[in-house]
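Participant: See protein_27.cif below, with mmCIF, C-alpha atoms.
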```cif
data_structure
#
loop_
_atom_site.label_atom_id
_atom_site.label_comp_id
_atom_site.auth_asym_id
_atom_site.auth_seq_id
_atom_site.Cartn_x
_atom_site.Cartn_y
_atom_site.Cartn_z
CA MET A 1 58.23 107.21 41.52
CA ASP A 2 55.70 104.45 41.93
CA MET A 3 58.38 102.00 43.05
CA PHE A 4 59.64 104.48 45.61
CA SER A 5 56.17 105.04 46.96
CA PHE A 6 55.55 101.29 47.19
CA SER A 7 58.82 100.77 49.08
CA ASN A 8 57.95 103.52 51.50
CA PHE A 9 54.54 101.99 52.03
CA VAL A 10 56.06 98.57 52.72
CA MET A 11 58.58 100.08 55.11
CA LEU A 12 55.88 102.03 56.89
CA ALA A 13 53.71 98.91 57.18
CA PHE A 14 56.66 96.94 58.55
CA VAL A 15 57.34 99.60 61.17
CA VAL A 16 53.70 99.66 62.16
CA LEU A 17 53.70 95.86 62.41
CA VAL A 18 56.77 95.93 64.64
CA ILE A 19 55.23 98.55 66.88
CA VAL A 20 51.98 96.62 67.14
CA THR A 21 53.90 93.40 67.83
CA LEU A 22 55.99 95.00 70.54
CA ARG A 23 52.94 96.60 72.07
CA ALA A 24 51.17 93.25 72.10
CA SER A 25 54.23 91.48 73.50
CA ILE A 26 55.09 93.77 76.40
CA LYS A 27 52.74 93.58 79.38
CA ILE A 28 53.08 95.53 82.63
CA VAL A 29 51.00 94.00 85.42
CA PRO A 30 50.02 96.31 88.33
CA GLN A 31 50.61 95.31 91.95
CA SER A 32 46.92 94.78 92.73
CA GLU A 33 46.23 92.30 89.91
CA ASN A 34 47.15 88.91 88.46
CA TRP A 35 46.79 88.31 84.72
CA LEU A 36 45.99 84.93 83.20
CA VAL A 37 47.58 84.13 79.84
CA GLU A 38 46.09 81.65 77.40
CA ARG A 39 48.01 80.13 74.49
CA LEU A 40 45.76 79.12 71.62
CA GLY A 41 42.74 79.07 73.93
CA LYS A 42 44.36 77.04 76.72
CA PHE A 43 45.57 78.37 80.07
CA ASN A 44 49.34 78.73 80.01
CA ARG A 45 50.58 80.78 82.97
CA LYS A 46 49.85 83.50 85.50
CA LEU A 47 51.49 86.91 85.31
CA GLU A 48 52.17 88.64 88.62
CA ALA A 49 53.13 92.28 89.22
CA GLY A 50 55.93 93.58 86.97
CA LEU A 51 57.10 93.53 83.31
CA HIS A 52 56.35 90.45 81.18
CA LEU A 53 56.63 89.36 77.52
CA ILE A 54 54.12 87.20 75.68
CA ILE A 55 54.07 85.73 72.20
CA PRO A 56 51.79 87.93 70.08
CA PHE A 57 49.04 86.33 68.02
CA PHE A 58 49.59 83.01 69.85
CA GLU A 59 49.14 84.17 73.44
CA ALA A 60 46.66 86.59 74.93
CA VAL A 61 45.74 87.94 78.36
CA ARG A 62 42.34 86.46 78.99
CA PHE A 63 41.57 87.55 82.59
CA ARG A 64 42.74 90.39 84.80
CA VAL A 65 41.96 89.31 88.36
CA PRO A 66 42.11 91.77 91.31
CA ILE A 67 43.91 90.22 94.29
CA LEU A 68 42.85 92.82 96.84
CA GLU A 69 41.05 91.65 99.97
CA ARG A 70 37.30 91.34 99.46
CA GLN A 71 34.33 91.19 101.81
CA LEU A 72 31.20 89.19 101.28
CA PRO A 73 27.99 91.09 102.00
CA PRO A 74 26.77 90.11 105.49
CA ARG A 75 23.63 88.02 105.20
CA PRO A 76 21.66 86.55 108.13
CA ILE A 77 22.02 82.80 108.50
CA ASN A 78 19.39 80.82 110.39
CA ALA A 79 20.68 78.05 112.65
CA ILE A 80 19.48 75.89 115.55
CA THR A 81 21.61 75.59 118.68
CA LEU A 82 22.24 72.48 120.73
CA ASP A 83 19.42 73.43 123.13
CA ASN A 84 16.94 73.81 120.22
CA VAL A 85 16.89 77.60 120.02
CA THR A 86 16.49 79.13 116.56
CA ILE A 87 18.92 82.01 116.06
CA SER A 88 19.96 84.26 113.21
CA ILE A 89 23.67 84.98 112.76
CA SER A 90 25.30 87.67 110.64
CA LEU A 91 28.89 87.00 109.57
CA ALA A 92 31.63 89.18 108.12
CA VAL A 93 33.73 87.06 105.74
CA LEU A 94 36.87 88.57 104.21
CA TYR A 95 39.01 86.68 101.68
CA ARG A 96 41.75 87.22 99.14
CA ILE A 97 42.52 85.45 95.83
CA VAL A 98 45.90 83.74 95.98
CA ASP A 99 45.63 81.51 92.89
CA ALA A 100 43.62 83.22 90.16
CA SER A 101 43.79 80.21 87.85
CA LYS A 102 41.81 78.06 90.31
CA THR A 103 39.35 80.86 91.02
CA LEU A 104 38.56 81.55 87.34
CA TYR A 105 38.75 78.06 85.83
CA ARG A 106 37.22 75.93 88.58
CA ILE A 107 34.18 77.90 89.71
CA SER A 108 31.91 80.40 88.01
CA ASN A 109 30.89 82.60 90.99
CA VAL A 110 33.24 82.42 93.92
CA ASP A 111 31.16 84.73 96.15
CA ASP A 112 28.04 82.57 95.92
CA ALA A 113 30.11 79.43 96.41
CA ILE A 114 31.73 80.78 99.56
CA MET A 115 28.36 81.90 100.91
CA THR A 116 26.89 78.44 100.33
CA ILE A 117 29.74 76.78 102.22
CA VAL A 118 29.45 79.41 104.97
CA ASN A 119 25.78 78.57 105.50
CA GLY A 120 26.45 74.86 105.89
CA THR A 121 29.50 75.35 108.10
CA VAL A 122 27.77 77.83 110.40
CA ARG A 123 24.78 75.55 110.90
CA SER A 124 27.09 72.62 111.67
CA VAL A 125 29.19 74.56 114.22
CA ILE A 126 26.21 76.26 115.90
CA GLY A 127 24.39 72.92 116.16
CA LYS A 128 27.13 71.69 118.51
CA THR A 129 26.85 74.68 120.89
CA ASP A 130 24.08 75.90 123.16
CA LEU A 131 22.78 79.49 123.15
CA ASP A 132 24.89 80.62 126.10
CA GLY A 133 27.98 79.20 124.41
CA VAL A 134 27.19 81.10 121.21
CA GLN A 135 26.79 84.34 123.14
CA SER A 136 29.94 83.99 125.23
CA ASN A 137 32.35 82.23 122.82
CA ARG A 138 32.02 84.22 119.62
CA ARG A 139 35.76 84.39 119.01
CA GLN A 140 36.19 80.64 119.41
CA LEU A 141 33.24 79.91 117.12
CA SER A 142 34.59 82.36 114.51
CA ASP A 143 37.97 80.60 114.55
CA GLU A 144 36.31 77.21 114.16
CA ILE A 145 34.18 78.41 111.24
CA GLU A 146 37.22 79.98 109.59
CA HIS A 147 39.20 76.74 109.95
CA ASP A 148 36.41 74.64 108.42
CA LEU A 149 35.98 77.07 105.53
CA GLN A 150 39.70 77.22 104.79
CA THR A 151 39.91 73.51 104.00
CA VAL A 152 37.29 74.00 101.27
CA SER A 153 38.48 77.36 99.96
CA ASP A 154 41.97 76.01 99.17
CA GLU A 155 40.45 74.24 96.19
CA TRP A 156 39.28 77.56 94.76
CA GLY A 157 42.57 79.41 95.15
CA ILE A 158 41.39 81.79 97.85
CA MET A 159 42.48 82.46 101.43
CA LEU A 160 40.11 83.52 104.17
CA THR A 161 41.65 86.42 106.08
CA ARG A 162 38.91 87.09 108.63
CA VAL A 163 35.64 85.53 109.78
CA GLU A 164 33.77 87.43 112.47
CA ILE A 165 30.33 86.94 114.05
CA LEU A 166 28.71 90.37 113.90
CA GLU A 167 25.30 89.75 115.44
CA VAL A 168 23.33 86.95 117.07
CA ASP A 169 19.57 87.44 117.05
CA VAL A 170 16.85 85.23 118.59
CA ASP A 171 13.07 85.09 118.34
CA PRO A 172 10.90 87.34 120.58
CA GLU A 173 9.85 84.50 122.92
CA THR A 174 13.46 83.59 123.60
CA LYS A 175 14.33 87.24 124.11
CA ALA A 176 11.59 87.56 126.73
CA ALA A 177 12.79 84.43 128.54
CA MET A 178 16.38 85.69 128.43
CA GLN A 179 15.26 89.03 129.88
CA LEU A 180 13.48 87.28 132.75
CA GLN A 181 16.57 85.20 133.41
CA LEU A 182 18.73 88.31 133.32
CA ASN A 183 16.48 90.12 135.79
CA ALA A 184 16.51 87.12 138.13
CA GLU A 185 20.29 86.98 137.95
CA ARG A 186 20.53 90.69 138.75
CA ASN A 187 18.23 90.28 141.74
CA ARG A 188 20.28 87.35 142.97
CA ARG A 189 23.49 89.34 142.69
CA ALA A 190 21.90 92.26 144.54
CA LEU A 191 20.80 89.98 147.40
CA VAL A 192 24.22 88.37 147.56
CA ARG A 193 25.93 91.75 147.70
CA GLU A 194 23.54 92.95 150.41
CA ALA A 195 24.18 89.81 152.46
CA GLU A 196 27.93 90.19 152.01
CA GLY A 197 27.68 93.82 153.12
CA LYS A 198 25.76 92.86 156.28
CA LYS A 199 28.27 90.11 156.97
CA GLN A 200 31.19 92.49 156.62
CA ALA A 201 29.46 95.08 158.84
CA THR A 202 28.83 92.44 161.53
CA GLU A 203 32.42 91.27 161.36
CA LEU A 204 33.72 94.83 161.63
CA ASP A 205 31.42 95.54 164.60
CA ALA A 206 32.57 92.34 166.32
CA ASP A 207 36.19 93.28 165.68
CA ALA A 208 35.56 96.75 167.13
CA GLN A 209 33.90 95.32 170.26
CA PHE A 210 36.71 92.81 170.65
CA TYR A 211 39.28 95.57 170.30
CA ALA A 212 37.48 97.75 172.87
CA ALA A 213 37.21 94.82 175.31
CA GLN A 214 40.86 94.04 174.78
CA ARG A 215 41.88 97.61 175.47
CA GLN A 216 39.63 97.73 178.55
CA ALA A 217 41.15 94.49 179.82
CA GLU A 218 44.62 95.91 179.31
CA ALA A 219 43.65 99.07 181.21
CA MET A 220 42.21 97.00 184.06
CA LYS A 221 45.38 94.91 184.12
CA VAL A 222 47.52 98.05 184.33
CA LYS A 223 45.31 99.41 187.13
CA ALA A 224 45.45 96.10 188.99
CA ASP A 225 49.21 96.01 188.61
CA ALA A 226 49.42 99.55 190.01
CA GLU A 227 47.19 98.68 192.99
CA ALA A 228 49.19 95.53 193.62
CA TYR A 229 52.37 97.56 193.53
CA ALA A 230 50.85 100.06 196.00
CA VAL A 231 49.77 97.28 198.36
CA THR A 232 53.23 95.74 198.12
CA ALA A 233 54.84 99.10 198.90
CA VAL A 234 52.57 99.60 201.92
CA ALA A 235 53.33 96.09 203.12
CA ARG A 236 57.04 96.77 202.81
CA ALA A 237 56.62 100.04 204.73
CA ILE A 238 54.77 98.26 207.56
CA ALA A 239 57.43 95.59 207.68
CA ALA A 240 60.11 98.27 207.88
CA GLY A 241 58.39 99.99 210.87
CA GLY A 242 56.76 102.83 208.93
CA THR A 243 53.52 102.73 210.93
CA SER A 244 53.14 106.51 211.01
CA ALA A 245 53.33 106.75 207.25
CA VAL A 246 50.68 104.10 206.91
CA GLU A 247 48.40 105.89 209.34
CA PHE A 248 48.94 109.12 207.45
CA GLU A 249 47.86 107.51 204.18
CA ILE A 250 44.76 106.07 205.83
CA LYS A 251 43.82 109.44 207.27
CA LYS A 252 44.32 111.09 203.91
CA ILE A 253 41.98 108.57 202.27
CA GLN A 254 39.37 109.26 204.95
CA ALA A 255 39.66 113.00 204.39
CA GLN A 256 39.18 112.57 200.66
CA ALA A 257 36.12 110.40 201.26
CA VAL A 258 34.60 113.07 203.51
CA GLN A 259 35.30 115.74 200.93
CA GLU A 260 33.57 113.74 198.18
CA LEU A 261 30.61 113.06 200.43
CA SER A 262 30.15 116.74 201.18
CA LYS A 263 30.02 117.62 197.48
CA GLY A 264 26.66 115.93 196.97
CA SER A 265 23.74 118.23 196.08
CA ASN A 266 21.44 116.55 198.60
CA ALA A 267 23.95 116.52 201.42
CA LYS A 268 22.83 118.96 204.15
CA ILE A 269 24.18 117.42 207.34
CA VAL A 270 27.09 115.01 207.38
CA LEU A 271 27.44 112.74 210.43
CA LEU A 272 30.87 111.31 210.95
CA PRO A 273 32.07 108.79 213.53
CA THR A 274 34.15 110.13 216.40
CA ASP A 275 37.14 108.04 215.37
CA VAL A 276 37.10 109.65 211.94
CA LEU A 277 36.84 113.14 213.41
CA GLY A 278 39.55 112.38 215.91
CA GLY A 279 41.72 111.04 213.17
CA LEU A 280 41.13 114.06 211.01
CA SER A 281 41.87 116.49 213.83
CA GLY A 282 44.91 114.51 214.79
CA SER A 283 46.09 114.50 211.22
CA ILE A 284 45.56 118.23 210.92
CA SER A 285 47.35 118.88 214.21
CA GLY A 286 50.21 116.69 213.14
CA LEU A 287 50.53 118.52 209.88
CA VAL A 288 50.47 121.90 211.67
CA ASN A 289 53.11 120.81 214.15
CA ARG A 290 55.25 119.44 211.37
CA PHE A 291 55.20 122.69 209.47
CA THR A 292 55.63 124.89 212.59
CA ASN A 293 58.55 122.87 213.92
CA THR A 294 60.33 122.91 210.64
CA PRO A 295 63.39 125.11 210.96
CA SER A 296 63.40 128.09 208.66
#
```
Can the structure in the file be given as structure tokens, please?
Facilitator:
Amino acid sequence: MDMFSFSNFVMLAFVVLVIVTLRASIKIVPQSENWLVERLGKFNRKLEAGLHLIIPFFEAVRFRVPILERQLPPRPINAITLDNVTISISLAVLYRIVDASKTLYRISNVDDAIMTIVNGTVRSVIGKTDLDGVQSNRRQLSDEIEHDLQTVSDEWGIMLTRVEILEVDVDPETKAAMQLQLNAERNRRALVREAEGKKQATELDADAQFYAAQRQAEAMKVKADAEAYAVTAVARAIAAGGTSAVEFEIKKIQAQAVQELSKGSNAKIVLLPTDVLGGLSGSISGLVNRFTNTPS
């Protein structure tokens, strides 16, 4: 009975040992992490996402490193521009661990190390640019800072995914000077726009006057052409022996002139030459005879 109990105990201990060994050997790494395996206290390999086997009692998972994208807390960085203006810049720095072995075994605090390099790099880049360039070329400066930081971060097994300038702040004196400059620029633009508006109005008025003069000249040309045509027609009629028709036209013009003269508000007595009256009476008599002698 004692031997049977001892055998069962040994068997049970062996089963437990196998289970513990298998449990220590099988490792399932999640997608968001990298595990670092040490063999007898020395780094051996990196385990990425999936199922892995390790040698129990000789190997152990020492570090479980998240590989998700991280963001450094934005801290203001003081820098001096090329035109000797002291500014404060806030950066957003995002990075991701791509080689956990370098990150864990080469540096103790990667966040502080990155922030130290960021400070030096930002001061170096800003020192080569004036204040207006910093304000207007933020994207270009961010790319330059990111490029300079990437050459250093490769040694630590990280990759910078985004560097963005969030805010550029200056001292109160510089702000006041910038405001004065901005107001002067706005006034200049307003004056330029007003001058351009007056210029356009003058040009439009000149174009309108030119158009009116052109149309008036065309009308005068048409009238002159009509009068020339009338004179030519009268000359042709005279040449063809149409003296009576010419006299009739002259009398009609005289009658119209007399009629217009009599319409005046101040006209009380109208004195006409005898030749005009004779012509008018003759014209009237001729017209009466013409209509009376016309066969019905």
Participant: Rank A:Gln209, A:Ser101, A:Thr161, A:Ser124 by their smallest atom-to-atom distance to Arg45 in chain A, using all atoms listed in the file, and report the top residue only.
Facilitator: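 Of all the options, A:Ser101 lies closest to Arg45 in chain A.
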Participant: Carefully work through the PyMOL selection byres ((chain A and resi 143-153) around 12) for this structure and note down the residues it includes, as a ChimeraX atom specification.
Facilitator: /A:91-99,102-103,106-107,110-111,113-126,128-129,137-142,154-165
Participant: Can I get the selection written as an mmCIF file, keeping the file's coordinate frame, with C-alpha atoms?
Facilitator:
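Dumped everything to part14.cif:
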```
data_model
loop_
_atom_site.group_PDB
_atom_site.id
_atom_site.type_symbol
_atom_site.label_atom_id
_atom_site.label_comp_id
_atom_site.auth_asym_id
_atom_site.auth_seq_id
_atom_site.Cartn_x
_atom_site.Cartn_y
_atom_site.Cartn_z
ATOM 1 C CA LEU A 91 28.890 87.000 109.570
ATOM 2 C CA ALA A 92 31.630 89.180 108.120
ATOM 3 C CA VAL A 93 33.730 87.060 105.740
ATOM 4 C CA LEU A 94 36.870 88.570 104.210
ATOM 5 C CA TYR A 95 39.010 86.680 101.680
ATOM 6 C CA ARG A 96 41.750 87.220 99.140
ATOM 7 C CA ILE A 97 42.520 85.450 95.830
ATOM 8 C CA VAL A 98 45.900 83.740 95.980
ATOM 9 C CA ASP A 99 45.630 81.510 92.890
ATOM 10 C CA LYS A 102 41.810 78.060 90.310
ATOM 11 C CA THR A 103 39.350 80.860 91.020
ATOM 12 C CA ARG A 106 37.220 75.930 88.580
ATOM 13 C CA ILE A 107 34.180 77.900 89.710
ATOM 14 C CA VAL A 110 33.240 82.420 93.920
ATOM 15 C CA ASP A 111 31.160 84.730 96.150
ATOM 16 C CA ALA A 113 30.110 79.430 96.410
ATOM 17 C CA ILE A 114 31.730 80.780 99.560
ATOM 18 C CA MET A 115 28.360 81.900 100.910
ATOM 19 C CA THR A 116 26.890 78.440 100.330
ATOM 20 C CA ILE A 117 29.740 76.780 102.220
ATOM 21 C CA VAL A 118 29.450 79.410 104.970
ATOM 22 C CA ASN A 119 25.780 78.570 105.500
ATOM 23 C CA GLY A 120 26.450 74.860 105.890
ATOM 24 C CA THR A 121 29.500 75.350 108.100
ATOM 25 C CA VAL A 122 27.770 77.830 110.400
ATOM 26 C CA ARG A 123 24.780 75.550 110.900
ATOM 27 C CA SER A 124 27.090 72.620 111.670
ATOM 28 C CA VAL A 125 29.190 74.560 114.220
ATOM 29 C CA ILE A 126 26.210 76.260 115.900
ATOM 30 C CA LYS A 128 27.130 71.690 118.510
ATOM 31 C CA THR A 129 26.850 74.680 120.890
ATOM 32 C CA ASN A 137 32.350 82.230 122.820
ATOM 33 C CA ARG A 138 32.020 84.220 119.620
ATOM 34 C CA ARG A 139 35.760 84.390 119.010
ATOM 35 C CA GLN A 140 36.190 80.640 119.410
ATOM 36 C CA LEU A 141 33.240 79.910 117.120
ATOM 37 C CA SER A 142 34.590 82.360 114.510
ATOM 38 C CA ASP A 154 41.970 76.010 99.170
ATOM 39 C CA GLU A 155 40.450 74.240 96.190
ATOM 40 C CA TRP A 156 39.280 77.560 94.760
ATOM 41 C CA GLY A 157 42.570 79.410 95.150
ATOM 42 C CA ILE A 158 41.390 81.790 97.850
ATOM 43 C CA MET A 159 42.480 82.460 101.430
ATOM 44 C CA LEU A 160 40.110 83.520 104.170
ATOM 45 C CA THR A 161 41.650 86.420 106.080
ATOM 46 C CA ARG A 162 38.910 87.090 108.630
ATOM 47 C CA VAL A 163 35.640 85.530 109.780
ATOM 48 C CA GLU A 164 33.770 87.430 112.470
ATOM 49 C CA ILE A 165 30.330 86.940 114.050
#
```
Participant: As number ranges by chain, please: the residues near range 47-53 of chain A (cut-off 7 Å, all atoms listed in the file, same-chain neighbours under 4 positions excluded).
Facilitator: A: 25-31, 33-36
Participant: Report the distance between CA of Ala100 in chain A and CA of Ile67 in chain A in Å, rounded to one decimal place.
Facilitator: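 A separation of 8.1 Å between them.
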Participant: Separation of CA of Arg188 in chain A and CA of Gly133 in chain A, in Å?
Facilitator: 21.7 Å
Participant: Taking all atoms of range 100-111 of chain A that appear in the file, build a box with edges along x, y and z, extend it by 8 Å on every side, and state its centre and edge lengths in Å to one decimal, as JSON.
Facilitator:
```
{"center_x": 37.3, "center_y": 80.3, "center_z": 91.0, "size_x": 28.9, "size_y": 24.8, "size_z": 26.3}
```
Participant: On this structure, the PyMOL selection byres ((chain A and resi 174) around 12) would catch which residues? List them as a ChimeraX atom specification, sorted by chain and number.
Facilitator: /A:83-87,131,169-173,175-181
Participant: Name all residues at most 9 Å from Ser88 in chain A (count all atoms listed in the file; drop same-chain ones fewer than 6 positions away) and give them as a count of residues only.
Facilitator: 10
Participant: Between CA of Phe43 in chain A and CA of Arg64 in chain A, what is the distance in Å, rounded to a tenth?
Facilitator: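 According to the coordinates, CA of Phe43 in chain A and CA of Arg64 in chain A are separated by 13.2 Å.
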